[in-house]
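Shown below: work_39.csv, with CSV, C-alpha atoms.
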chain,number,residue,atom,x,y,z
Z,1,MET,CA,-13.1,-13.1,8.0
Z,2,ILE,CA,-14.7,-16.5,8.6
Z,3,VAL,CA,-16.4,-18.5,5.8
Z,4,ASN,CA,-18.5,-21.6,6.8
Z,5,GLN,CA,-19.6,-24.1,4.2
Z,6,ALA,CA,-22.7,-26.2,4.7
Z,7,ALA,CA,-24.9,-28.4,2.6
Z,8,ALA,CA,-28.0,-26.5,1.5
Z,9,GLY,CA,-30.6,-28.2,-0.8
Z,10,GLY,CA,-28.9,-29.4,-3.9
Z,11,GLY,CA,-25.3,-28.2,-3.1
Z,12,ALA,CA,-22.9,-26.4,-0.9
Z,13,LYS,CA,-23.5,-22.8,0.2
Z,14,TYR,CA,-21.4,-20.4,2.2
Z,15,THR,CA,-22.0,-18.0,4.9
Z,16,ILE,CA,-19.5,-15.2,5.5
Z,17,ASP,CA,-18.8,-12.8,8.3
Z,18,VAL,CA,-16.5,-9.9,7.2
Z,19,GLN,CA,-14.8,-7.5,9.6
Z,20,ASN,CA,-12.2,-4.7,9.1
Z,21,ALA,CA,-9.2,-6.1,7.3
Z,22,GLY,CA,-7.0,-3.1,8.1
Z,23,VAL,CA,-4.8,-1.2,5.7
Z,24,THR,CA,-3.9,-2.5,2.3
Z,25,LYS,CA,-1.4,-1.3,-0.3
Z,26,ILE,CA,-2.1,-0.5,-4.0
Z,27,SER,CA,1.0,-0.1,-6.1
Z,28,SER,CA,-0.6,0.7,-9.5
Z,29,VAL,CA,-0.3,4.5,-9.2
Z,30,ALA,CA,1.2,6.6,-12.0
Z,31,ASN,CA,4.7,7.8,-11.3
Z,32,LEU,CA,5.5,11.4,-10.6
Z,33,SER,CA,6.4,13.5,-13.7
Z,34,GLU,CA,10.0,13.6,-12.4
Z,35,GLY,CA,11.8,11.8,-9.6
Z,36,ARG,CA,12.5,14.0,-6.6
Z,37,ARG,CA,12.9,14.0,-2.8
Z,38,LEU,CA,11.6,16.5,-0.2
Z,39,PRO,CA,8.5,17.6,-2.1
Z,40,ALA,CA,5.5,19.0,-0.1
Z,41,GLY,CA,2.1,17.4,-0.1
Z,42,ALA,CA,-1.3,19.1,0.4
Z,43,SER,CA,-4.9,18.3,-0.6
Z,44,VAL,CA,-7.6,20.4,-2.1
Z,45,GLY,CA,-11.1,19.4,-3.4
Z,46,GLU,CA,-10.7,16.2,-5.3
Z,47,TYR,CA,-6.9,16.3,-5.6
Z,48,ALA,CA,-3.7,15.5,-3.7
Z,49,LEU,CA,-0.8,17.7,-4.8
Z,50,VAL,CA,2.9,16.8,-4.7
Z,51,MET,CA,4.8,20.1,-5.1
Z,52,GLY,CA,8.4,20.9,-5.8
Z,53,GLY,CA,11.3,19.0,-4.3
Z,54,GLU,CA,15.0,18.4,-4.8
Z,55,LEU,CA,16.4,16.9,-8.0
Z,56,ALA,CA,19.7,15.1,-8.5
Z,57,SER,CA,20.8,18.5,-9.8
Z,58,GLY,CA,18.9,21.5,-8.7
Z,59,LYS,CA,15.4,22.1,-7.4
Z,60,SER,CA,12.0,21.2,-8.9
Z,61,SER,CA,9.1,23.4,-9.8
Z,62,LYS,CA,6.9,20.5,-10.9
Z,63,VAL,CA,3.5,19.9,-9.4
Z,64,ASP,CA,1.7,16.5,-9.8
Z,65,ALA,CA,-2.0,16.2,-8.9
Z,66,TYR,CA,-3.8,12.9,-8.2
Z,67,ASN,CA,-7.5,12.7,-8.2
Z,68,THR,CA,-9.8,10.4,-6.2
Z,69,ALA,CA,-9.4,7.7,-8.9
Z,70,LEU,CA,-5.6,8.2,-8.7
Z,71,THR,CA,-5.3,9.6,-12.2
Z,72,ARG,CA,-2.4,12.0,-12.4
Z,73,SER,CA,-2.4,15.4,-14.0
Z,74,THR,CA,0.3,18.2,-14.1
Z,75,PRO,CA,-1.0,21.6,-13.2
Z,76,THR,CA,1.0,24.8,-13.8
Z,77,GLU,CA,4.4,24.6,-12.1
Z,78,LEU,CA,5.4,26.5,-9.0
Z,79,SER,CA,6.5,30.1,-9.7
Z,80,VAL,CA,9.8,29.3,-8.0
Z,81,ALA,CA,11.6,25.9,-8.0
Z,82,ARG,CA,12.3,24.9,-4.4
Z,83,ASP,CA,12.5,22.1,-1.8
Z,84,GLN,CA,12.1,22.1,2.0
Z,85,LEU,CA,8.7,23.8,1.5
Z,86,ALA,CA,5.6,23.3,3.6
Z,87,GLY,CA,2.2,22.2,2.3
Z,88,ALA,CA,-1.1,23.2,4.0
Z,89,SER,CA,-4.7,23.6,2.9
Z,90,VAL,CA,-7.4,26.3,3.6
Z,91,GLY,CA,-10.8,26.8,2.1
Z,92,ASN,CA,-10.6,26.1,-1.6
Z,93,TYR,CA,-6.8,26.2,-1.8
Z,94,ALA,CA,-3.7,24.0,-1.3
Z,95,LEU,CA,-0.7,26.2,-0.4
Z,96,ALA,CA,3.1,25.7,-1.1
Z,97,LEU,CA,4.8,27.8,1.6
Z,98,GLY,CA,8.4,29.0,1.5
Z,99,GLY,CA,11.2,26.6,0.9
Z,100,TYR,CA,14.8,26.7,-0.3
Z,101,THR,CA,15.8,27.6,-3.9
Z,102,GLY,CA,19.3,26.2,-3.8
Z,103,SER,CA,20.9,29.6,-3.0
Z,104,ALA,CA,18.5,31.2,-0.5
Z,105,ALA,CA,15.4,30.6,1.6
Z,106,SER,CA,12.2,31.6,-0.1
Z,107,GLY,CA,9.1,33.5,1.0
Z,108,VAL,CA,7.0,32.6,-2.0
Z,109,VAL,CA,3.5,31.2,-1.4
Z,110,ASN,CA,1.7,29.6,-4.3
Z,111,ALA,CA,-1.9,28.6,-4.1
Z,112,TYR,CA,-3.8,25.9,-6.1
Z,113,ASN,CA,-7.6,26.0,-6.2
Z,114,THR,CA,-10.0,23.1,-6.7
Z,115,ALA,CA,-9.7,23.5,-10.4
Z,116,LEU,CA,-5.9,23.3,-10.0
Z,117,THR,CA,-5.4,26.9,-11.2
Z,118,ARG,CA,-2.3,28.5,-9.6
Z,119,SER,CA,-2.2,31.9,-8.0
Z,120,THR,CA,0.5,33.6,-5.9
Z,121,ALA,CA,-0.5,34.9,-2.5
Z,122,VAL,CA,1.3,37.6,-0.6
Z,123,GLY,CA,4.6,36.2,0.5
Z,124,LEU,CA,5.9,35.2,3.9
Z,125,THR,CA,7.0,38.1,6.0
Z,126,VAL,CA,10.4,36.3,6.5
Z,127,ASN,CA,11.9,34.1,3.9
Z,128,ARG,CA,12.5,30.6,5.2
Z,129,SER,CA,12.9,26.9,4.6
Z,130,TRP,CA,11.5,24.0,6.6
Z,131,PRO,CA,8.5,25.8,8.0
Z,132,ALA,CA,5.9,23.6,9.7
Z,133,GLY,CA,2.6,23.7,7.8
Z,134,ALA,CA,-0.8,22.9,9.3
Z,135,SER,CA,-4.4,24.0,9.2
Z,136,VAL,CA,-6.9,25.1,11.8
Z,137,GLY,CA,-10.4,26.5,11.4
Z,138,ASN,CA,-10.2,29.1,8.6
Z,139,TYR,CA,-6.5,29.3,8.5
Z,140,ALA,CA,-3.4,27.6,7.0
Z,141,LEU,CA,-0.3,28.3,9.1
Z,142,ALA,CA,3.4,28.4,8.3
Z,143,MET,CA,5.3,28.1,11.6
Z,144,GLY,CA,9.0,28.8,12.1
Z,145,GLY,CA,11.6,27.7,9.7
Z,146,GLY,CA,15.3,28.3,8.9
Z,147,ASP,CA,17.9,30.3,7.1
Z,148,PRO,CA,18.0,32.0,9.6
Z,149,ILE,CA,16.1,30.1,12.2
Z,150,SER,CA,12.8,31.8,12.9
Z,151,ASP,CA,10.0,32.0,15.4
Z,152,VAL,CA,7.6,33.8,12.9
Z,153,VAL,CA,4.1,32.4,12.2
Z,154,GLU,CA,2.0,33.4,9.3
Z,155,ALA,CA,-1.7,32.5,8.9
Z,156,TYR,CA,-3.5,32.6,5.5
Z,157,ASN,CA,-7.3,32.6,5.5
Z,158,ALA,CA,-9.7,31.3,2.9
Z,159,SER,CA,-9.3,34.5,0.9
Z,160,LEU,CA,-5.5,34.1,1.0
Z,161,SER,CA,-5.2,37.2,3.2
Z,162,ARG,CA,-2.1,37.0,5.5
Z,163,SER,CA,-2.0,37.7,9.2
Z,164,THR,CA,0.8,37.2,11.8
Z,165,PRO,CA,-0.2,35.5,15.0
Z,166,THR,CA,2.0,35.4,18.1
Z,167,VAL,CA,5.4,33.9,17.4
Z,168,LEU,CA,6.5,30.5,18.5
Z,169,SER,CA,7.7,30.2,22.1
Z,170,VAL,CA,11.0,28.9,20.7
Z,171,ALA,CA,12.5,29.7,17.3
Z,172,ARG,CA,13.1,26.5,15.4
Z,173,THR,CA,13.3,24.9,12.0
Z,174,SER,CA,12.2,21.4,10.7
Z,175,ALA,CA,9.4,21.2,13.2
Z,176,ALA,CA,6.4,18.9,12.4
Z,177,GLY,CA,3.0,20.5,11.6
Z,178,VAL,CA,-0.2,18.7,12.4
Z,179,SER,CA,-3.8,19.4,13.2
Z,180,VAL,CA,-6.2,17.9,15.8
Z,181,GLY,CA,-9.6,19.1,16.9
Z,182,GLY,CA,-9.5,22.9,17.1
Z,183,TYR,CA,-5.7,23.2,17.0
Z,184,ALA,CA,-2.7,23.4,14.7
Z,185,LEU,CA,0.5,22.1,16.3
Z,186,ALA,CA,4.2,22.9,15.7
Z,187,ALA,CA,6.1,20.1,17.4
Z,188,GLY,CA,9.8,19.6,18.0
Z,189,GLY,CA,12.4,20.8,15.5
Z,190,TYR,CA,15.9,22.3,15.7
Z,191,THR,CA,16.8,25.5,17.5
Z,192,GLY,CA,20.2,26.0,15.9
Z,193,SER,CA,22.0,24.6,18.9
Z,194,ALA,CA,19.8,21.7,20.1
Z,195,THR,CA,16.9,19.4,19.1
Z,196,SER,CA,13.7,20.7,20.6
Z,197,ALA,CA,10.8,19.0,22.4
Z,198,VAL,CA,8.6,22.1,22.5
Z,199,VAL,CA,5.0,22.0,21.2
Z,200,ASN,CA,3.1,25.1,20.4
Z,201,ALA,CA,-0.6,25.0,19.6
Z,202,TYR,CA,-2.8,27.6,17.8
Z,203,ASN,CA,-6.5,27.5,18.1
Z,204,THR,CA,-9.2,28.7,15.6
Z,205,THR,CA,-8.7,32.3,16.8
Z,206,LEU,CA,-4.9,31.9,16.4
Z,207,THR,CA,-4.3,32.1,20.1
Z,208,ARG,CA,-1.1,30.3,21.1
Z,209,SER,CA,-0.7,27.8,23.9
Z,210,THR,CA,2.1,25.5,24.9
Z,211,PRO,CA,1.0,21.9,25.7
Z,212,THR,CA,3.1,19.3,27.4
Z,213,SER,CA,6.4,18.8,25.4
Z,214,LEU,CA,7.2,15.8,23.3
Z,215,SER,CA,8.4,12.8,25.4
Z,216,VAL,CA,11.6,12.9,23.5
Z,217,ALA,CA,13.1,15.9,21.7
Z,218,ARG,CA,13.5,15.4,18.0
Z,219,ARG,CA,13.3,16.8,14.5
Z,220,TYR,CA,12.3,15.5,11.0
Z,221,ILE,CA,9.2,14.0,12.6
Z,222,ALA,CA,6.4,12.4,10.7
Z,223,SER,CA,3.0,13.8,11.5
Z,224,SER,CA,-0.6,12.6,10.9
Z,225,SER,CA,-4.0,12.7,12.5
Z,226,VAL,CA,-6.6,10.0,13.1
Z,227,GLY,CA,-9.8,10.2,15.1
Z,228,ASN,CA,-9.2,12.4,18.1
Z,229,TYR,CA,-5.4,12.3,17.9
Z,230,ALA,CA,-2.5,14.0,16.3
Z,231,LEU,CA,0.5,11.7,16.1
Z,232,LEU,CA,4.2,12.7,16.0
Z,233,MET,CA,6.1,9.6,14.8
Z,234,GLY,CA,9.8,8.9,14.9
Z,235,GLY,CA,12.4,11.6,14.0
Z,236,ASN,CA,16.0,12.3,14.8
Z,237,THR,CA,17.1,13.1,18.4
Z,238,GLY,CA,20.4,14.7,17.3
Z,239,SER,CA,22.2,11.6,18.3
Z,240,GLY,CA,20.2,8.9,16.5
Z,241,ARG,CA,16.9,8.0,15.0
Z,242,SER,CA,13.9,7.5,17.2
Z,243,ASP,CA,11.0,5.0,17.3
Z,244,VAL,CA,9.0,7.2,19.8
Z,245,VAL,CA,5.4,8.1,19.0
Z,246,ASP,CA,3.6,10.9,20.9
Z,247,ALA,CA,-0.2,11.4,20.5
Z,248,TYR,CA,-2.1,14.6,21.4
Z,249,ASN,CA,-5.8,14.4,21.8
Z,250,THR,CA,-8.4,17.2,21.2
Z,251,SER,CA,-7.7,18.5,24.7
Z,252,LEU,CA,-4.0,18.6,24.0
Z,253,THR,CA,-3.3,15.9,26.5
Z,254,ARG,CA,-0.3,13.8,25.5
Z,255,LEU,CA,-0.2,10.0,25.3
Z,256,THR,CA,2.6,7.7,24.2
Z,257,PRO,CA,1.4,4.8,22.1
Z,258,VAL,CA,3.5,1.8,21.3
Z,259,VAL,CA,6.6,2.7,19.4
Z,260,LEU,CA,7.2,2.3,15.7
Z,261,SER,CA,8.3,-1.1,14.4
Z,262,VAL,CA,11.6,0.5,13.3
Z,263,GLY,CA,13.2,3.8,14.5
Z,264,ARG,CA,13.6,6.2,11.6
Z,265,ASP,CA,13.4,9.8,10.5
Z,266,TYR,CA,12.4,11.5,7.2
Z,267,ILE,CA,9.2,9.5,7.3
Z,268,ALA,CA,6.1,10.3,5.2
Z,269,GLY,CA,3.0,10.8,7.3
Z,270,ALA,CA,-0.5,10.6,5.9
Z,271,SER,CA,-4.0,9.5,7.0
Z,272,VAL,CA,-6.6,7.2,5.5
Z,273,GLY,CA,-9.9,6.1,7.0
Z,274,ASP,CA,-9.3,5.1,10.5
Z,275,TYR,CA,-5.5,5.0,10.3
Z,276,ALA,CA,-2.6,7.4,10.6
Z,277,LEU,CA,0.4,6.0,8.6
Z,278,ALA,CA,4.2,6.4,9.0
Z,279,ILE,CA,5.5,5.3,5.6
Z,280,GLY,CA,9.2,4.6,4.8
Z,281,GLY,CA,12.0,6.7,6.2
Z,282,SER,CA,15.7,6.6,6.9
Z,283,THR,CA,17.3,4.2,9.4
Z,284,GLY,CA,20.7,5.2,8.1
Z,285,GLY,CA,19.7,3.2,5.1
Z,286,HIS,CA,16.4,3.5,3.3
Z,287,SER,CA,13.4,1.8,5.1
Z,288,ASP,CA,10.4,0.2,3.5
Z,289,ALA,CA,8.6,-0.1,6.8
Z,290,VAL,CA,5.0,1.1,7.2
Z,291,ASP,CA,3.2,1.5,10.5
Z,292,ALA,CA,-0.5,2.3,10.9
Z,293,TYR,CA,-2.2,3.5,14.1
Z,294,ASP,CA,-5.9,3.3,14.4
Z,295,THR,CA,-8.4,5.5,16.4
Z,296,SER,CA,-7.5,3.5,19.5
Z,297,LEU,CA,-3.8,4.1,18.9
Z,298,THR,CA,-3.3,0.4,18.3
Z,299,ARG,CA,-0.4,-0.2,15.8
Z,300,LEU,CA,-0.6,-2.4,12.8
Z,301,THR,CA,2.2,-3.1,10.2
Z,302,PRO,CA,0.7,-3.1,6.7
Z,303,MET,CA,2.5,-4.4,3.6
Z,304,PRO,CA,5.8,-2.5,3.2
Z,305,LEU,CA,6.8,-0.3,0.3
Z,306,SER,CA,8.1,-2.0,-2.8
Z,307,ALA,CA,11.5,-0.5,-2.0
Z,308,GLY,CA,12.9,1.5,0.9
Z,309,ARG,CA,12.8,5.2,0.5
Z,310,ASP,CA,12.9,8.3,2.7
Z,311,ARG,CA,12.1,12.1,2.2
Z,312,ALA,CA,8.9,11.2,0.4
Z,313,ALA,CA,5.8,13.4,0.5
Z,314,GLY,CA,2.8,12.0,2.4
Z,315,VAL,CA,-0.6,13.2,1.2
Z,316,SER,CA,-4.2,11.9,1.2
Z,317,VAL,CA,-7.0,12.0,-1.4
Z,318,GLY,CA,-10.3,10.3,-1.5
Z,319,GLY,CA,-9.9,6.9,0.2
Z,320,TYR,CA,-6.1,6.8,-0.3
Z,321,ALA,CA,-2.9,7.8,1.5
Z,322,LEU,CA,0.0,8.3,-0.9
Z,323,ALA,CA,3.8,8.2,-0.4
Z,324,ALA,CA,5.2,10.1,-3.4
Z,325,GLY,CA,8.8,10.4,-4.5
Z,326,GLY,CA,11.7,10.2,-2.1
Z,327,TYR,CA,15.3,9.0,-2.0
Z,328,THR,CA,16.4,5.4,-2.4
Z,329,THR,CA,19.6,3.4,-2.6
Z,330,ALA,CA,22.3,4.4,-5.2
Z,331,ALA,CA,21.4,8.1,-4.8
Z,332,ASN,CA,18.2,7.5,-6.8
Z,333,TYR,CA,15.7,10.4,-6.7
Z,334,SER,CA,12.5,8.4,-6.9
Z,335,ASP,CA,9.4,9.0,-9.0
Z,336,VAL,CA,7.4,6.1,-7.4
Z,337,VAL,CA,4.0,6.7,-5.9
Z,338,GLU,CA,2.4,4.0,-3.7
Z,339,GLY,CA,-1.0,4.2,-2.1
Z,340,TYR,CA,-2.7,2.7,1.0
Z,341,TYR,CA,-6.4,2.4,1.7
Z,342,ASP,CA,-8.5,1.4,4.6
Z,343,VAL,CA,-10.5,-1.8,3.9
Z,344,PRO,CA,-13.9,-0.7,5.1
Z,345,GLY,CA,-15.1,-2.1,8.5
Z,346,VAL,CA,-18.2,-4.0,7.5
Z,347,LEU,CA,-20.1,-6.9,9.0
Z,348,ILE,CA,-21.9,-9.2,6.5
Z,349,ASN,CA,-23.9,-12.3,7.4
Z,350,MET,CA,-25.0,-13.7,4.1
Z,351,THR,CA,-25.4,-16.9,2.2
Z,352,PHE,CA,-24.3,-17.5,-1.4
Z,353,ALA,CA,-23.7,-20.4,-3.8
Z,354,PRO,CA,-20.2,-21.2,-5.1
Z,355,GLY,CA,-19.3,-19.2,-8.2
Z,356,THR,CA,-21.6,-16.3,-7.4
Z,357,LYS,CA,-20.3,-12.7,-6.9
Z,358,TYR,CA,-21.2,-10.2,-4.3
Z,359,LYS,CA,-20.6,-6.4,-4.5
Z,360,PHE,CA,-20.0,-5.0,-1.0
Z,361,ASN,CA,-17.7,-1.9,-1.3
Z,362,ASP,CA,-15.7,0.2,-3.7
Z,363,ALA,CA,-12.3,-0.9,-2.4
Z,364,PRO,CA,-9.6,-1.8,-5.0
Z,365,GLU,CA,-8.4,-5.3,-5.3
Z,366,VAL,CA,-7.4,-7.0,-2.0
Z,367,SER,CA,-7.0,-10.7,-1.1
Z,368,VAL,CA,-7.7,-11.7,2.5
Z,369,THR,CA,-7.0,-15.0,4.3
Z,370,VAL,CA,-10.1,-16.9,5.3
Z,371,GLN,CA,-10.9,-20.1,7.2
Z,372,THR,CA,-13.3,-22.5,5.7
Z,373,SER,CA,-15.0,-25.1,7.8
Z,374,VAL,CA,-15.8,-28.2,5.8
Z,375,ASN,CA,-17.2,-31.2,7.7
Z,376,GLU,CA,-15.7,-29.8,10.9
Z,377,ARG,CA,-12.3,-29.5,9.2
Z,378,VAL,CA,-10.6,-26.1,8.8
Z,379,ALA,CA,-8.8,-25.1,5.6
Z,380,SER,CA,-7.0,-21.9,4.7
Z,381,GLY,CA,-7.6,-20.1,1.5
Z,382,TYR,CA,-8.3,-16.7,-0.1
Z,383,ILE,CA,-11.3,-14.7,-1.2
Z,384,LYS,CA,-10.5,-12.0,-3.6
Z,385,PHE,CA,-12.1,-8.6,-3.8
Z,386,LYS,CA,-11.5,-7.0,-7.1
Z,387,ASN,CA,-13.1,-3.6,-8.0
Z,388,GLY,CA,-15.5,-4.2,-5.2
Z,389,ILE,CA,-16.5,-7.7,-6.3
Z,390,LEU,CA,-16.2,-10.7,-3.9
Z,391,SER,CA,-15.4,-13.7,-6.1
Let me see the file written as structure tokens.
Amino acid sequence: MIVNQAAAGGGAKYTIDVQNAGVTKISSVANLSEGRRLPAGASVGEYALVMGGELASGKSSKVDAYNTALTRSTPTELSVARDQLAGASVGNYALALGGYTGSAASGVVNAYNTALTRSTAVGLTVNRSWPAGASVGNYALAMGGGDPISDVVEAYNASLSRSTPTVLSVARTSAAGVSVGGYALAAGGYTGSATSAVVNAYNTTLTRSTPTSLSVARRYIASSSVGNYALLMGGNTGSGRSDVVDAYNTSLTRLTPVVLSVGRDYIAGASVGDYALAIGGSTGGHSDAVDAYDTSLTRLTPMPLSAGRDRAAGVSVGGYALAAGGYTTAANYSDVVEGYYDVPGVLINMTFAPGTKYKFNDAPEVSVTVQTSVNERVASGYIKFKNGILS
């Protein structure tokens, strides 16, 4: 943003030129109803849902819903408390797929509609934890999983009817699920003996293909989509934490963008506007790092989390990407929710007098650095946008 001051009539006036300011954090989001790690995230209608997770003692059945104004409500709980479940959306439903109850893998599938009413769909054909969840066309998929390690894939349509497409080419658990174009991907994971680089893709008719593998085999990968790309970010190689990012375009061609600012696993992945985000994660400690990739796969580093945490849920709603819950220092199961939004890419050329206000978008409060030219001198300062008002 550039602001130029010039004499105009009886006093100074300003002309401004505003361009995309990138990704900005908003911290004033209501906490989860209880602190937990390893919840699942999924979106439906006007809501982002944070479902289940692990407590300091036991598993959670709680579901928290955030609407497009980031107001929290608490729908009916899951029918079975569990963590290590997958979230995916199809039609008018957000699904909670499988998971781990604390004593066994689960095959339970709960569905929440746009009114946040819960139903229970026909269960998975094989009980399992850590399935990869993703959506494509008219289907939500649960791919692979563990206890025992499985190659099974289930697909739920918009009526919650279940079908069983061709199995994964390699049985594995803790793969990443992500969607791009006409494909749902299951990327990486753990075979029971080795970390995997395999990527399977299912199209809108549930036909399976096997694109080029990940550039580095890894599990516990963050996944998110932006523009024409599905991103697989970070993860664990089996011998350490990775900073590698692989991107698959709508033709399933693989690219390798610039690496993460910090190698880590258990990252929350989410999308907002023109950015795919990798939020927090584990470096061995708890990371507060946030990386954002735009539609050209250029990396930015937005404001970090207020505190390092990993195993949070990443989920999107309205104009926000949320990182919900997780695990922090001192074995704290976090209830914190922080949001990020994409400051709109706008170009304004206007003149206004000092003290006036101009409404230009609906973004939450954000301050951006400006340069002001006064009598050929440059000064730094701030213009504040609060509730869409430039002041």
> What lies within 7 Å of region 163-166 of chain Z using only C-alpha atoms, ignoring chain neighbours under 6 positions off, as a list in words?
Replying inline: Val153, Glu154, Ala155, Tyr156, Leu206 and Arg208 of chain Z
Those selected residues, please, written with C-alpha atoms and delivered as a PDB file, keeping the file's coordinate frame.
ATOM      1  CA  VAL Z 153       4.100  32.400  12.200  1.00  0.00           C
ATOM      2  CA  GLU Z 154       2.000  33.400   9.300  1.00  0.00           C
ATOM      3  CA  ALA Z 155      -1.700  32.500   8.900  1.00  0.00           C
ATOM      4  CA  TYR Z 156      -3.500  32.600   5.500  1.00  0.00           C
ATOM      5  CA  LEU Z 206      -4.900  31.900  16.400  1.00  0.00           C
ATOM      6  CA  ARG Z 208      -1.100  30.300  21.100  1.00  0.00           C
TER       7      ARG Z 208
END
> With distances taken over all atoms listed in the file, which of Z:Pro75, Z:Gly314, Z:Gly308, Z:Gly133 is nearest to Ser33 (chain Z)?
Replying inline: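 Counting all atoms listed in the file, the residue closest to Ser33 (chain Z) is Z:Pro75.
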>> I need the residue nearest Gly273 (chain Z) from this list: Z:Leu85, Z:Val343, Z:Met303, Z:Leu252. Use all atoms listed in the file for the distance.
In response: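 Going through Z:Leu85, Z:Val343, Z:Met303, Z:Leu252 one by one, the smallest distance to Gly273 (chain Z) is for Z:Val343.
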> So how far away is CA of Asn110 (chain Z) from CA of Tyr202 (chain Z), in Å?
Replying inline: 22.6 Å
Just want the 10 Å neighbourhood of Gly182 (chain Z), counted on all atoms listed in the file, with same-chain residues fewer than 6 positions away dropped. Output as a short mmCIF file (atom, residue, chain, number, x, y, z; two decimals) with C-alpha atoms, keeping the file's coordinate frame.
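So around04.cif came out as:
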data_model
loop_
_atom_site.label_atom_id
_atom_site.label_comp_id
_atom_site.auth_asym_id
_atom_site.auth_seq_id
_atom_site.Cartn_x
_atom_site.Cartn_y
_atom_site.Cartn_z
CA SER Z 135 -4.40 24.00 9.20
CA VAL Z 136 -6.90 25.10 11.80
CA GLY Z 137 -10.40 26.50 11.40
CA ALA Z 201 -0.60 25.00 19.60
CA TYR Z 202 -2.80 27.60 17.80
CA ASN Z 203 -6.50 27.50 18.10
CA THR Z 204 -9.20 28.70 15.60
CA THR Z 205 -8.70 32.30 16.80
CA THR Z 250 -8.40 17.20 21.20
CA SER Z 251 -7.70 18.50 24.70
CA LEU Z 252 -4.00 18.60 24.00
#
> Can you list, as number ranges by chain, every protein, DNA or RNA residue that comes within 9 Å of His286 (chain Z) when you count all atoms listed in the file, leaving out same-chain residues fewer than 4 positions away?
Replying inline: Z: 280-282, 307-310, 327-329
Store the residues picked out above, limited to C-alpha atoms, as a short mmCIF file (atom, residue, chain, number, x, y, z; two decimals), in the coordinates of the input.
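Dumped to out19.cif:
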data_model
loop_
_atom_site.label_atom_id
_atom_site.label_comp_id
_atom_site.auth_asym_id
_atom_site.auth_seq_id
_atom_site.Cartn_x
_atom_site.Cartn_y
_atom_site.Cartn_z
CA GLY Z 280 9.20 4.60 4.80
CA GLY Z 281 12.00 6.70 6.20
CA SER Z 282 15.70 6.60 6.90
CA ALA Z 307 11.50 -0.50 -2.00
CA GLY Z 308 12.90 1.50 0.90
CA ARG Z 309 12.80 5.20 0.50
CA ASP Z 310 12.90 8.30 2.70
CA TYR Z 327 15.30 9.00 -2.00
CA THR Z 328 16.40 5.40 -2.40
CA THR Z 329 19.60 3.40 -2.60
#
> Within 12 Å of Arg241 (chain Z), counting all atoms listed in the file, which residues qualify if same-chain residues fewer than 5 places away don't, as a PyMOL selection string?
Replying inline: chain Z and resi 216-221+233-236+260+262-267+281-285
> Out of Z:Gly52, Z:Gly188, Z:Gly145, Z:Gly318, which residue has the shortest atom-to-atom distance to Ser213 (chain Z) when counting all atoms listed in the file?
Replying inline: Z:Gly188
>> Need the shell around Pro131 (chain Z): protein/DNA/RNA residues with any atom at most 6 Å away, counting all atoms listed in the file. Skip same-chain ones fewer than 2 positions apart. Format as a list of chain:residue names?
In response: Z:Ala86, Z:Ser129, Z:Ala142, Z:Met143, Z:Gly144, Z:Gly145
> Distance CA of Tyr183 (chain Z)-CA of Gly87 (chain Z), one decimal place?
Replying inline: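 Computed distance, CA of Tyr183 (chain Z) to CA of Gly87 (chain Z), equals 16.7 Å.
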> Could you work out how far CA of Tyr320 (chain Z) lies from CA of Gly269 (chain Z), giving the answer in Å with one decimal?
Replying inline: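 Taking CA of Gly269 (chain Z) as the start and CA of Tyr320 (chain Z) as the end point, the length is 12.5 Å.
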> From the list Z:Arg162, Z:Tyr341, Z:Arg82, Z:Gly102, which residue is nearest Ala121 (chain Z) when using all atoms listed in the file?
Replying inline: Z:Arg162
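In terms of minimum interatomic distance to Leu116 (chain Z), Z:Leu78 ranks closest within Z:Val23, Z:Leu78, Z:Val29, Z:Ala134, counting only C-alpha atoms.
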>> Could you check the closest approach to Trp130 (chain Z) for each of Z:Tyr229, Z:Tyr190, Z:Tyr340, Z:Tyr293 and tell me which residue wins, using only C-alpha atoms?
In response: Z:Tyr190
>> Residues within 12 Å of (6.4, 7.3, 1.0), file coordinates, counting all atoms listed in the file: what are they? Give the list as number ranges by chain.
In response: Z: 25, 27, 36-41, 50, 222, 266-270, 277-282, 286-291, 304-316, 321-328, 334-340
